[in-house]
Each structure stands twice: as C-alpha cells, then as structure tokens.
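As provided, data25.cif (mmCIF, N, CA and C atoms) reads as follows.
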data_structure
#
loop_
_atom_site.label_atom_id
_atom_site.label_comp_id
_atom_site.auth_asym_id
_atom_site.auth_seq_id
_atom_site.Cartn_x
_atom_site.Cartn_y
_atom_site.Cartn_z
N MET Q 1 176.66 118.47 79.95
CA MET Q 1 176.59 119.88 80.29
C MET Q 1 177.31 120.09 81.61
N SER Q 2 178.15 121.11 81.65
CA SER Q 2 178.89 121.39 82.88
C SER Q 2 177.98 122.03 83.92
N TYR Q 3 178.46 122.05 85.16
CA TYR Q 3 177.71 122.68 86.24
C TYR Q 3 177.45 124.15 85.93
N PHE Q 4 178.47 124.85 85.43
CA PHE Q 4 178.33 126.26 85.12
C PHE Q 4 177.20 126.49 84.11
N ASN Q 5 177.20 125.73 83.03
CA ASN Q 5 176.18 125.91 82.00
C ASN Q 5 174.78 125.59 82.50
N SER Q 6 174.66 124.68 83.45
CA SER Q 6 173.33 124.32 83.95
C SER Q 6 172.74 125.42 84.82
N GLN Q 7 173.57 126.38 85.25
CA GLN Q 7 173.09 127.47 86.10
C GLN Q 7 172.66 128.70 85.29
N ILE Q 8 172.87 128.67 83.99
CA ILE Q 8 172.51 129.81 83.16
C ILE Q 8 171.00 129.84 82.97
N GLN Q 9 170.40 131.00 83.26
CA GLN Q 9 168.96 131.16 83.08
C GLN Q 9 168.69 131.52 81.62
N ARG Q 10 167.90 130.73 80.95
CA ARG Q 10 167.57 130.99 79.55
C ARG Q 10 166.47 132.05 79.50
N ILE Q 11 166.75 133.14 78.81
CA ILE Q 11 165.79 134.22 78.66
C ILE Q 11 165.25 134.15 77.23
N PRO Q 12 163.91 134.19 77.06
CA PRO Q 12 163.35 134.11 75.72
C PRO Q 12 163.76 135.30 74.84
N MET Q 13 163.82 135.07 73.56
CA MET Q 13 164.15 136.14 72.63
C MET Q 13 162.97 137.09 72.49
N GLN Q 14 163.23 138.21 71.85
CA GLN Q 14 162.21 139.22 71.63
C GLN Q 14 161.06 138.64 70.82
N LYS Q 15 159.83 138.97 71.24
CA LYS Q 15 158.65 138.44 70.57
C LYS Q 15 157.69 139.58 70.23
N LEU Q 16 157.09 139.48 69.05
CA LEU Q 16 156.05 140.43 68.68
C LEU Q 16 154.83 140.11 69.53
N VAL Q 17 154.33 141.10 70.25
CA VAL Q 17 153.18 140.88 71.12
C VAL Q 17 151.93 141.53 70.53
N VAL Q 18 152.07 142.74 70.03
CA VAL Q 18 150.91 143.47 69.53
C VAL Q 18 151.30 144.26 68.28
N SER Q 19 150.39 144.35 67.34
CA SER Q 19 150.54 145.30 66.24
C SER Q 19 149.22 146.03 66.09
N LYS Q 20 149.31 147.31 65.76
CA LYS Q 20 148.12 148.16 65.66
C LYS Q 20 148.30 149.14 64.51
N ILE Q 21 147.18 149.56 63.95
CA ILE Q 21 147.21 150.61 62.95
C ILE Q 21 146.92 151.94 63.66
N VAL Q 22 147.62 152.99 63.26
CA VAL Q 22 147.44 154.31 63.86
C VAL Q 22 146.24 154.98 63.19
N GLN Q 23 145.16 155.12 63.96
CA GLN Q 23 143.90 155.67 63.48
C GLN Q 23 143.86 157.19 63.69
N PRO Q 24 142.98 157.90 62.97
CA PRO Q 24 142.87 159.35 63.16
C PRO Q 24 142.60 159.76 64.62
N GLY Q 25 141.81 158.98 65.35
CA GLY Q 25 141.52 159.30 66.75
C GLY Q 25 142.70 159.12 67.68
N ASP Q 26 143.77 158.47 67.21
CA ASP Q 26 144.99 158.26 68.00
C ASP Q 26 146.00 159.39 67.80
N CYS Q 27 145.66 160.35 66.93
CA CYS Q 27 146.65 161.34 66.49
C CYS Q 27 146.43 162.73 67.05
N ASN Q 28 147.51 163.48 67.07
CA ASN Q 28 147.49 164.88 67.47
C ASN Q 28 147.14 165.76 66.26
N PRO Q 29 147.09 167.08 66.44
CA PRO Q 29 146.76 167.95 65.30
C PRO Q 29 147.74 167.89 64.13
N TYR Q 30 148.92 167.30 64.37
CA TYR Q 30 149.93 167.20 63.31
C TYR Q 30 149.87 165.85 62.60
N HIS Q 31 148.82 165.08 62.90
CA HIS Q 31 148.57 163.78 62.27
C HIS Q 31 149.62 162.72 62.63
N ASN Q 32 150.18 162.87 63.83
CA ASN Q 32 151.12 161.88 64.37
C ASN Q 32 150.52 161.28 65.63
N LEU Q 33 150.94 160.08 65.95
CA LEU Q 33 150.45 159.36 67.12
C LEU Q 33 150.72 160.14 68.40
N PHE Q 34 149.68 160.29 69.25
CA PHE Q 34 149.83 160.91 70.57
C PHE Q 34 150.78 160.06 71.40
N GLY Q 35 151.66 160.70 72.15
CA GLY Q 35 152.58 159.99 73.02
C GLY Q 35 151.86 159.16 74.07
N GLY Q 36 150.77 159.69 74.62
CA GLY Q 36 150.01 158.98 75.65
C GLY Q 36 149.38 157.69 75.14
N ILE Q 37 148.94 157.71 73.90
CA ILE Q 37 148.38 156.50 73.28
C ILE Q 37 149.48 155.45 73.17
N LEU Q 38 150.69 155.89 72.78
CA LEU Q 38 151.80 154.96 72.65
C LEU Q 38 152.19 154.39 74.02
N LEU Q 39 152.19 155.22 75.06
CA LEU Q 39 152.52 154.73 76.41
C LEU Q 39 151.51 153.67 76.86
N ALA Q 40 150.23 153.90 76.59
CA ALA Q 40 149.21 152.92 76.95
C ALA Q 40 149.42 151.61 76.18
N SER Q 41 149.81 151.71 74.92
CA SER Q 41 150.06 150.51 74.12
C SER Q 41 151.27 149.74 74.64
N ILE Q 42 152.30 150.46 75.08
CA ILE Q 42 153.48 149.81 75.66
C ILE Q 42 153.08 149.06 76.92
N ASP Q 43 152.29 149.69 77.78
CA ASP Q 43 151.86 149.05 79.02
C ASP Q 43 151.01 147.82 78.74
N GLU Q 44 150.11 147.93 77.76
CA GLU Q 44 149.23 146.80 77.42
C GLU Q 44 150.03 145.62 76.87
N ALA Q 45 150.91 145.87 75.91
CA ALA Q 45 151.70 144.79 75.33
C ALA Q 45 152.59 144.12 76.38
N SER Q 46 153.18 144.94 77.25
CA SER Q 46 154.04 144.41 78.30
C SER Q 46 153.24 143.59 79.30
N ALA Q 47 152.03 144.02 79.61
CA ALA Q 47 151.17 143.27 80.54
C ALA Q 47 150.79 141.92 79.96
N ILE Q 48 150.48 141.88 78.68
CA ILE Q 48 150.17 140.61 78.02
C ILE Q 48 151.37 139.68 78.10
N PHE Q 49 152.54 140.21 77.76
CA PHE Q 49 153.78 139.43 77.79
C PHE Q 49 154.07 138.93 79.21
N ALA Q 50 153.89 139.80 80.21
CA ALA Q 50 154.14 139.42 81.61
C ALA Q 50 153.20 138.31 82.05
N LYS Q 51 151.93 138.44 81.73
CA LYS Q 51 150.95 137.44 82.15
C LYS Q 51 151.26 136.08 81.51
N ILE Q 52 151.62 136.07 80.25
CA ILE Q 52 151.95 134.82 79.56
C ILE Q 52 153.21 134.19 80.15
N ASN Q 53 154.22 135.02 80.43
CA ASN Q 53 155.50 134.49 80.86
C ASN Q 53 155.60 134.19 82.35
N THR Q 54 154.71 134.77 83.16
CA THR Q 54 154.70 134.43 84.59
C THR Q 54 153.68 133.34 84.88
N LYS Q 55 152.74 133.16 83.96
CA LYS Q 55 151.64 132.20 84.14
C LYS Q 55 150.84 132.51 85.40
N GLN Q 56 150.72 133.80 85.70
CA GLN Q 56 149.97 134.26 86.87
C GLN Q 56 148.72 135.00 86.40
N GLU Q 57 147.64 134.81 87.16
CA GLU Q 57 146.38 135.47 86.81
C GLU Q 57 146.47 136.98 86.96
N ILE Q 58 147.18 137.43 88.00
CA ILE Q 58 147.29 138.87 88.26
C ILE Q 58 148.75 139.27 88.16
N CYS Q 59 149.03 140.20 87.26
CA CYS Q 59 150.38 140.72 87.07
C CYS Q 59 150.23 142.22 86.83
N VAL Q 60 150.82 143.04 87.69
CA VAL Q 60 150.60 144.48 87.62
C VAL Q 60 151.90 145.23 87.33
N THR Q 61 151.74 146.41 86.74
CA THR Q 61 152.88 147.27 86.45
C THR Q 61 153.37 147.90 87.74
N LYS Q 62 154.65 147.70 88.05
CA LYS Q 62 155.26 148.32 89.23
C LYS Q 62 156.07 149.54 88.83
N LYS Q 63 156.78 149.43 87.71
CA LYS Q 63 157.66 150.52 87.29
C LYS Q 63 157.61 150.66 85.78
N PHE Q 64 157.53 151.90 85.35
CA PHE Q 64 157.53 152.24 83.93
C PHE Q 64 158.77 153.10 83.71
N GLY Q 65 159.73 152.59 82.94
CA GLY Q 65 160.99 153.31 82.75
C GLY Q 65 160.86 154.51 81.83
N GLU Q 66 161.98 155.17 81.62
CA GLU Q 66 162.04 156.35 80.76
C GLU Q 66 161.68 155.99 79.32
N VAL Q 67 160.95 156.89 78.67
CA VAL Q 67 160.59 156.72 77.26
C VAL Q 67 161.04 157.97 76.51
N VAL Q 68 161.83 157.77 75.48
CA VAL Q 68 162.26 158.87 74.61
C VAL Q 68 161.65 158.60 73.24
N PHE Q 69 160.86 159.54 72.76
CA PHE Q 69 160.24 159.39 71.45
C PHE Q 69 161.25 159.86 70.40
N ASN Q 70 161.83 158.91 69.67
CA ASN Q 70 162.90 159.23 68.72
C ASN Q 70 162.39 159.78 67.39
N VAL Q 71 161.24 159.33 66.95
CA VAL Q 71 160.66 159.78 65.69
C VAL Q 71 159.14 159.83 65.84
N PRO Q 72 158.48 160.73 65.09
CA PRO Q 72 157.01 160.73 65.11
C PRO Q 72 156.48 159.53 64.33
N VAL Q 73 155.27 159.10 64.70
CA VAL Q 73 154.62 157.98 64.01
C VAL Q 73 153.41 158.53 63.26
N PRO Q 74 153.48 158.56 61.93
CA PRO Q 74 152.40 159.16 61.15
C PRO Q 74 151.11 158.33 61.15
N MET Q 75 149.99 159.03 61.02
CA MET Q 75 148.69 158.38 60.91
C MET Q 75 148.72 157.40 59.73
N GLY Q 76 148.09 156.25 59.93
CA GLY Q 76 148.04 155.22 58.90
C GLY Q 76 149.17 154.21 59.00
N SER Q 77 150.15 154.50 59.85
CA SER Q 77 151.27 153.56 60.04
C SER Q 77 150.80 152.36 60.84
N ILE Q 78 151.58 151.30 60.78
CA ILE Q 78 151.35 150.14 61.64
C ILE Q 78 152.47 150.14 62.67
N ILE Q 79 152.09 150.08 63.95
CA ILE Q 79 153.11 149.99 64.99
C ILE Q 79 153.21 148.54 65.45
N TYR Q 80 154.42 148.16 65.79
CA TYR Q 80 154.73 146.82 66.28
C TYR Q 80 155.37 146.96 67.64
N LEU Q 81 154.88 146.20 68.61
CA LEU Q 81 155.43 146.22 69.96
C LEU Q 81 156.06 144.86 70.24
N TYR Q 82 157.36 144.86 70.44
CA TYR Q 82 158.14 143.65 70.70
C TYR Q 82 158.56 143.64 72.16
N CYS Q 83 158.41 142.50 72.81
CA CYS Q 83 158.77 142.39 74.23
C CYS Q 83 159.81 141.30 74.42
N GLU Q 84 160.64 141.50 75.42
CA GLU Q 84 161.60 140.48 75.82
C GLU Q 84 161.86 140.60 77.31
N THR Q 85 162.12 139.46 77.94
CA THR Q 85 162.47 139.44 79.36
C THR Q 85 163.93 139.81 79.49
N ILE Q 86 164.22 140.80 80.34
CA ILE Q 86 165.63 141.13 80.56
C ILE Q 86 166.08 140.77 81.98
N LYS Q 87 165.11 140.51 82.87
CA LYS Q 87 165.46 140.05 84.22
C LYS Q 87 164.25 139.36 84.83
N LYS Q 88 164.52 138.27 85.52
CA LYS Q 88 163.46 137.54 86.21
C LYS Q 88 163.82 137.48 87.69
N GLY Q 89 162.94 138.02 88.53
CA GLY Q 89 163.14 137.97 89.97
C GLY Q 89 162.26 136.89 90.58
N ILE Q 90 162.13 136.92 91.90
CA ILE Q 90 161.31 135.93 92.59
C ILE Q 90 159.82 136.17 92.31
N THR Q 91 159.41 137.43 92.38
CA THR Q 91 158.00 137.76 92.15
C THR Q 91 157.82 138.74 90.98
N SER Q 92 158.92 139.11 90.34
CA SER Q 92 158.83 140.15 89.31
C SER Q 92 159.52 139.75 88.02
N LEU Q 93 159.14 140.48 86.98
CA LEU Q 93 159.69 140.28 85.65
C LEU Q 93 159.99 141.67 85.09
N THR Q 94 161.22 141.87 84.61
CA THR Q 94 161.57 143.12 83.95
C THR Q 94 161.53 142.86 82.46
N ILE Q 95 160.77 143.68 81.78
CA ILE Q 95 160.50 143.50 80.35
C ILE Q 95 160.97 144.72 79.59
N ARG Q 96 161.66 144.50 78.48
CA ARG Q 96 161.98 145.60 77.57
C ARG Q 96 161.01 145.52 76.41
N THR Q 97 160.27 146.60 76.20
CA THR Q 97 159.34 146.67 75.08
C THR Q 97 159.87 147.69 74.08
N THR Q 98 160.05 147.23 72.86
CA THR Q 98 160.55 148.07 71.77
C THR Q 98 159.41 148.32 70.81
N VAL Q 99 159.27 149.58 70.40
CA VAL Q 99 158.21 149.96 69.46
C VAL Q 99 158.84 150.35 68.13
N LYS Q 100 158.30 149.77 67.07
CA LYS Q 100 158.74 150.11 65.71
C LYS Q 100 157.50 150.41 64.89
N TYR Q 101 157.69 151.10 63.78
CA TYR Q 101 156.55 151.32 62.88
C TYR Q 101 156.99 151.18 61.44
N THR Q 102 156.00 150.96 60.59
CA THR Q 102 156.23 150.95 59.15
C THR Q 102 155.07 151.67 58.46
N LYS Q 103 155.41 152.37 57.45
CA LYS Q 103 154.39 153.05 56.63
C LYS Q 103 154.28 152.34 55.29
N ASP Q 104 155.38 151.76 54.84
CA ASP Q 104 155.42 151.17 53.50
C ASP Q 104 155.58 149.65 53.50
N PHE Q 105 155.52 149.03 54.68
CA PHE Q 105 155.63 147.58 54.85
C PHE Q 105 157.01 147.03 54.48
N GLU Q 106 157.99 147.89 54.31
CA GLU Q 106 159.33 147.42 53.98
C GLU Q 106 160.27 147.55 55.15
N GLU Q 107 160.48 148.76 55.62
CA GLU Q 107 161.43 148.99 56.70
C GLU Q 107 160.69 149.31 58.00
N GLN Q 108 161.09 148.66 59.08
CA GLN Q 108 160.55 148.99 60.39
C GLN Q 108 161.50 150.00 61.05
N ILE Q 109 160.95 151.12 61.48
CA ILE Q 109 161.73 152.20 62.08
C ILE Q 109 161.49 152.17 63.59
N GLU Q 110 162.59 152.16 64.36
CA GLU Q 110 162.44 152.13 65.81
C GLU Q 110 161.99 153.50 66.33
N VAL Q 111 160.91 153.47 67.11
CA VAL Q 111 160.33 154.68 67.69
C VAL Q 111 160.90 154.91 69.09
N THR Q 112 160.87 153.87 69.91
CA THR Q 112 161.33 153.97 71.29
C THR Q 112 161.44 152.58 71.89
N TYR Q 113 161.97 152.53 73.11
CA TYR Q 113 161.90 151.31 73.92
C TYR Q 113 161.74 151.75 75.36
N CYS Q 114 161.29 150.82 76.17
CA CYS Q 114 161.04 151.11 77.58
C CYS Q 114 161.22 149.83 78.39
N ASP Q 115 161.81 149.97 79.57
CA ASP Q 115 161.92 148.86 80.49
C ASP Q 115 160.83 149.00 81.55
N LEU Q 116 160.06 147.93 81.73
CA LEU Q 116 158.97 147.93 82.71
C LEU Q 116 159.17 146.77 83.67
N VAL Q 117 158.74 146.97 84.90
CA VAL Q 117 158.78 145.90 85.90
C VAL Q 117 157.34 145.54 86.24
N PHE Q 118 157.05 144.23 86.17
CA PHE Q 118 155.74 143.71 86.53
C PHE Q 118 155.90 142.79 87.73
N VAL Q 119 154.93 142.83 88.63
CA VAL Q 119 154.93 141.98 89.81
C VAL Q 119 153.70 141.09 89.77
N ALA Q 120 153.90 139.81 90.04
CA ALA Q 120 152.79 138.86 90.12
C ALA Q 120 152.18 138.95 91.52
N LEU Q 121 150.85 138.98 91.57
CA LEU Q 121 150.14 139.06 92.84
C LEU Q 121 149.22 137.86 93.02
N ASP Q 122 149.03 137.47 94.27
CA ASP Q 122 148.05 136.41 94.55
C ASP Q 122 146.67 137.06 94.66
N LYS Q 123 145.66 136.28 94.96
CA LYS Q 123 144.29 136.77 95.00
C LYS Q 123 144.04 137.76 96.13
N THR Q 124 144.96 137.82 97.11
CA THR Q 124 144.82 138.79 98.21
C THR Q 124 145.60 140.07 97.96
N GLY Q 125 146.28 140.13 96.79
CA GLY Q 125 147.01 141.34 96.42
C GLY Q 125 148.44 141.38 96.90
N HIS Q 126 148.98 140.26 97.36
CA HIS Q 126 150.34 140.19 97.83
C HIS Q 126 151.24 139.57 96.76
N PRO Q 127 152.51 140.01 96.67
CA PRO Q 127 153.42 139.42 95.69
C PRO Q 127 153.52 137.91 95.86
N THR Q 128 153.58 137.22 94.73
CA THR Q 128 153.65 135.76 94.75
C THR Q 128 154.76 135.30 93.80
N PRO Q 129 155.43 134.21 94.11
CA PRO Q 129 156.52 133.74 93.24
C PRO Q 129 156.03 133.40 91.84
N ILE Q 130 156.92 133.66 90.88
CA ILE Q 130 156.59 133.35 89.48
C ILE Q 130 157.35 132.11 89.02
#
Will you turn the file into structure tokens for me?
Amino acid sequence: MSYFNSQIQRIPMQKLVVSKIVQPGDCNPYHNLFGGILLASIDEASAIFAKINTKQEICVTKKFGEVVFNVPVPMGSIIYLYCETIKKGITSLTIRTTVKYTKDFEEQIEVTYCDLVFVALDKTGHPTPI
C-alpha cells in the first residue's frame, strides 16, 4: 500500500439503524406522519449511530441540518432510517440520515435526508476525542 492510500480515512457505508411503523397517534388529520415525529426519529436514529461509531457514553446533537419533506408518509407505512458518517472530526461526527418508507414492501420511497453533527462529551460535559 502506498503512503497516499494509507492516509485515506475509511468511512462506513450507509447502515439501517431504525425502522418503525407509522401508527395513528403519529399522524396528522390527513393520516400522514407528523413532521415533528419524523424529526424526533431522525435525531434518535442519528444518536444511536453516533454513540455506536464514537464508542462514547455521551454523544449529543450539536447541529440539525435542513430537512425538506419531499413526500407525505401515509399511516401504516414502515419508515426506514439509514445513517452514514460523512465527516469525522476530533470530537465530532457528521452523520447523514436518510429516511425512506414503504407501504407495499416492494419499493422504498425517499422522504428526506438530513445532516447532523454530534459531539462526544466526557463526564464533566466537555468535548472529548473520539
């Protein structure tokens, strides 16, 4: 392996972190998933992914990027949240979380994606290397 190749940081591929069924209590009057419920699910899946990939006990959301809801998610659908590392800093991890859904178990339709930054903290609440 050349010197150049040994300096390349290997970033893991996209991984399914969470899947959920859209329940009636998750929906608006139009029987589609509330946007706020989806945002909470994105944060939760990303936090799980961050904690696993930083191997830190405390990992908190620092930044939540823009979210554009491309399609509504009907009640009874299954949503899938996929995460991938797009940047690794000294104390932080930038994660792209992509949300897809299926109603018929055949085609997964992309709903949105979001880039989030998580910071690892030590027990005193200060950033710590990952």
(request) Return as JSON, numbers by chain the set of residues that the PyMOL selection byres ((chain Q and resi 78) around 7) yields on the displayed structure. (result) {"Q": [19, 20, 21, 22, 75, 76, 77, 79, 80, 100, 101, 102, 103]}
(message) Just the number, please: distance in Å from CA of Asn28 (chain Q) to atom C of Thr97 (chain Q), one decimal.
(response) 22.2 Å
(request) Taking the DSSP assignment computed from this structure's backbone, write out as a PyMOL selection string all residues of chain Q that belong to strand (DSSP E). (result) chain Q and resi 15-21+58-64+78-88+92-102+109-121
(request) I need the residue set behind the PyMOL selection byres (((chain Q and resi 67-69 and name CA) around 9) and name CA) for this file; please write it as a list of chain:residue names. (result)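 Applied to this file, the PyMOL selection byres (((chain Q and resi 67-69 and name CA) around 9) and name CA) returns Q:Gly35, Q:Leu39, Q:Phe64, Q:Gly65, Q:Glu66, Q:Asn70, Q:Val71, Q:Pro72, Q:Val111, Q:Thr112, Q:Tyr113, Q:Cys114, Q:Asp115.
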(request) Extract, using only N, CA and C atoms, all DNA, RNA and protein residues at most 8 Å from Phe49 (chain Q), discarding same-chain residues fewer than 3 positions from it, and format them as a list in words. (result) Val17, Asp43, Glu44, Ala45, Ser46, Ile52, Asn53, Thr54, Lys55, Cys83, Glu84 and Ile95 of chain Q
(message) I'd like the interatomic distance between CA of Ala120 (chain Q) and CA of Thr85 (chain Q), to a tenth of an Å.
(response)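 Atom-to-atom, CA of Ala120 (chain Q) and CA of Thr85 (chain Q) are spaced 14.5 Å apart.
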(request) Would you mind reading off the distance between CA of Leu116 (chain Q) and CA of Thr128 (chain Q), one decimal, in Å? (result) 17.9 Å
Write out as a tab-separated table (two decimals) with N, CA and C atoms, in the frame of the given file the set of residues from region 1-126 of chain Q that DSSP, computed on the backbone, places in helix (DSSP H, G or I).
chain	number	residue	atom	x	y	z
Q	3	TYR	N	178.46	122.05	85.16
Q	3	TYR	CA	177.71	122.68	86.24
Q	3	TYR	C	177.45	124.15	85.93
Q	4	PHE	N	178.47	124.85	85.43
Q	4	PHE	CA	178.33	126.26	85.12
Q	4	PHE	C	177.20	126.49	84.11
Q	5	ASN	N	177.20	125.73	83.03
Q	5	ASN	CA	176.18	125.91	82.00
Q	5	ASN	C	174.78	125.59	82.50
Q	6	SER	N	174.66	124.68	83.45
Q	6	SER	CA	173.33	124.32	83.95
Q	6	SER	C	172.74	125.42	84.82
Q	24	PRO	N	142.98	157.90	62.97
Q	24	PRO	CA	142.87	159.35	63.16
Q	24	PRO	C	142.60	159.76	64.62
Q	25	GLY	N	141.81	158.98	65.35
Q	25	GLY	CA	141.52	159.30	66.75
Q	25	GLY	C	142.70	159.12	67.68
Q	26	ASP	N	143.77	158.47	67.21
Q	26	ASP	CA	144.99	158.26	68.00
Q	26	ASP	C	146.00	159.39	67.80
Q	35	GLY	N	151.66	160.70	72.15
Q	35	GLY	CA	152.58	159.99	73.02
Q	35	GLY	C	151.86	159.16	74.07
Q	36	GLY	N	150.77	159.69	74.62
Q	36	GLY	CA	150.01	158.98	75.65
Q	36	GLY	C	149.38	157.69	75.14
Q	37	ILE	N	148.94	157.71	73.90
Q	37	ILE	CA	148.38	156.50	73.28
Q	37	ILE	C	149.48	155.45	73.17
Q	38	LEU	N	150.69	155.89	72.78
Q	38	LEU	CA	151.80	154.96	72.65
Q	38	LEU	C	152.19	154.39	74.02
Q	39	LEU	N	152.19	155.22	75.06
Q	39	LEU	CA	152.52	154.73	76.41
Q	39	LEU	C	151.51	153.67	76.86
Q	40	ALA	N	150.23	153.90	76.59
Q	40	ALA	CA	149.21	152.92	76.95
Q	40	ALA	C	149.42	151.61	76.18
Q	41	SER	N	149.81	151.71	74.92
Q	41	SER	CA	150.06	150.51	74.12
Q	41	SER	C	151.27	149.74	74.64
Q	42	ILE	N	152.30	150.46	75.08
Q	42	ILE	CA	153.48	149.81	75.66
Q	42	ILE	C	153.08	149.06	76.92
Q	43	ASP	N	152.29	149.69	77.78
Q	43	ASP	CA	151.86	149.05	79.02
Q	43	ASP	C	151.01	147.82	78.74
Q	44	GLU	N	150.11	147.93	77.76
Q	44	GLU	CA	149.23	146.80	77.42
Q	44	GLU	C	150.03	145.62	76.87
Q	45	ALA	N	150.91	145.87	75.91
Q	45	ALA	CA	151.70	144.79	75.33
Q	45	ALA	C	152.59	144.12	76.38
Q	46	SER	N	153.18	144.94	77.25
Q	46	SER	CA	154.04	144.41	78.30
Q	46	SER	C	153.24	143.59	79.30
Q	47	ALA	N	152.03	144.02	79.61
Q	47	ALA	CA	151.17	143.27	80.54
Q	47	ALA	C	150.79	141.92	79.96
Q	48	ILE	N	150.48	141.88	78.68
Q	48	ILE	CA	150.17	140.61	78.02
Q	48	ILE	C	151.37	139.68	78.10
Q	49	PHE	N	152.54	140.21	77.76
Q	49	PHE	CA	153.78	139.43	77.79
Q	49	PHE	C	154.07	138.93	79.21
Q	50	ALA	N	153.89	139.80	80.21
Q	50	ALA	CA	154.14	139.42	81.61
Q	50	ALA	C	153.20	138.31	82.05
Q	51	LYS	N	151.93	138.44	81.73
Q	51	LYS	CA	150.95	137.44	82.15
Q	51	LYS	C	151.26	136.08	81.51
Q	52	ILE	N	151.62	136.07	80.25
Q	52	ILE	CA	151.95	134.82	79.56
Q	52	ILE	C	153.21	134.19	80.15
Q	53	ASN	N	154.22	135.02	80.43
Q	53	ASN	CA	155.50	134.49	80.86
Q	53	ASN	C	155.60	134.19	82.35
Q	54	THR	N	154.71	134.77	83.16
Q	54	THR	CA	154.70	134.43	84.59
Q	54	THR	C	153.68	133.34	84.88
(request) Rank Q:Pro24, Q:Pro129, Q:Pro29, Q:Pro74 by their smallest atom-to-atom distance to Ser92 (chain Q), using all atoms listed in the file, and report the top residue only. (result)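 Among the listed residues, Q:Pro129 lies closest to Ser92 (chain Q).
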(message) With distances taken over all atoms listed in the file, which residue among Q:Leu93, Q:Ile86, Q:Cys59, Q:Val99 lies nearest Ile42 (chain Q)?
(response)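 Using all atoms listed in the file, the shortest distance to Ile42 (chain Q) belongs to Q:Val99.
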How big is the axis-aligned box around all listed atoms of region 60-68 of chain Q once 5 Å goes on each side, and where's its centre, in Å to one decimal, as AutoDock Vina command-line options?
--center_x 156.4 --center_y 151.0 --center_z 81.2 --size_x 21.7 --size_y 25.8 --size_z 26.0
(request) Could you tell me which residues the PyMOL selection byres ((chain Q and resi 61) around 7) grabs in this file, written as JSON, numbers by chain? (result) {"Q": [47, 59, 60, 62, 63, 64, 116, 117, 118, 119]}
(message) Around the point (159.2, 141.5, 68.6) (coordinates from the file), which residues reach within 7 Å if we count only C-alpha atoms? Answer as a ChimeraX atom specification.
(response) /Q:14-17,81-83
(request) Can you work out which one of Q:Phe105, Q:Pro127, Q:Val73, Q:Glu110 has the shortest atom-to-atom distance to His31 (chain Q), counting only N, CA and C atoms? (result)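 Nearest candidate to His31 (chain Q) out of Q:Phe105, Q:Pro127, Q:Val73, Q:Glu110: Q:Val73.
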Once you've located region 26-41 of chain Q in the structure I gave, write it as a short mmCIF file (atom, residue, chain, number, x, y, z; two decimals), in the first residue's frame, keeping N, CA and C atoms.
data_model
loop_
_atom_site.label_atom_id
_atom_site.label_comp_id
_atom_site.auth_asym_id
_atom_site.auth_seq_id
_atom_site.Cartn_x
_atom_site.Cartn_y
_atom_site.Cartn_z
N ASP Q 26 -49.19 8.91 15.48
CA ASP Q 26 -48.06 9.62 14.86
C ASP Q 26 -48.52 10.53 13.72
N CYS Q 27 -49.83 10.51 13.43
CA CYS Q 27 -50.32 11.14 12.20
C CYS Q 27 -51.11 12.42 12.45
N ASN Q 28 -51.15 13.24 11.41
CA ASN Q 28 -51.94 14.47 11.41
C ASN Q 28 -53.37 14.15 10.97
N PRO Q 29 -54.24 15.16 10.89
CA PRO Q 29 -55.63 14.90 10.47
C PRO Q 29 -55.77 14.32 9.06
N TYR Q 30 -54.71 14.40 8.27
CA TYR Q 30 -54.75 13.88 6.90
C TYR Q 30 -54.21 12.45 6.81
N HIS Q 31 -53.97 11.85 7.98
CA HIS Q 31 -53.50 10.46 8.09
C HIS Q 31 -52.09 10.26 7.54
N ASN Q 32 -51.29 11.33 7.63
CA ASN Q 32 -49.87 11.26 7.25
C ASN Q 32 -49.03 11.54 8.48
N LEU Q 33 -47.81 11.05 8.47
CA LEU Q 33 -46.88 11.22 9.58
C LEU Q 33 -46.62 12.70 9.86
N PHE Q 34 -46.73 13.10 11.14
CA PHE Q 34 -46.38 14.46 11.57
C PHE Q 34 -44.90 14.69 11.30
N GLY Q 35 -44.56 15.87 10.82
CA GLY Q 35 -43.17 16.22 10.58
C GLY Q 35 -42.33 16.17 11.84
N GLY Q 36 -42.90 16.62 12.96
CA GLY Q 36 -42.16 16.63 14.23
C GLY Q 36 -41.81 15.24 14.72
N ILE Q 37 -42.70 14.29 14.48
CA ILE Q 37 -42.42 12.89 14.84
C ILE Q 37 -41.25 12.39 14.01
N LEU Q 38 -41.24 12.75 12.72
CA LEU Q 38 -40.15 12.31 11.85
C LEU Q 38 -38.82 12.95 12.29
N LEU Q 39 -38.84 14.23 12.67
CA LEU Q 39 -37.62 14.89 13.13
C LEU Q 39 -37.07 14.21 14.38
N ALA Q 40 -37.95 13.85 15.31
CA ALA Q 40 -37.51 13.14 16.52
C ALA Q 40 -36.91 11.78 16.17
N SER Q 41 -37.49 11.10 15.19
CA SER Q 41 -36.96 9.80 14.77
C SER Q 41 -35.59 9.94 14.12
#
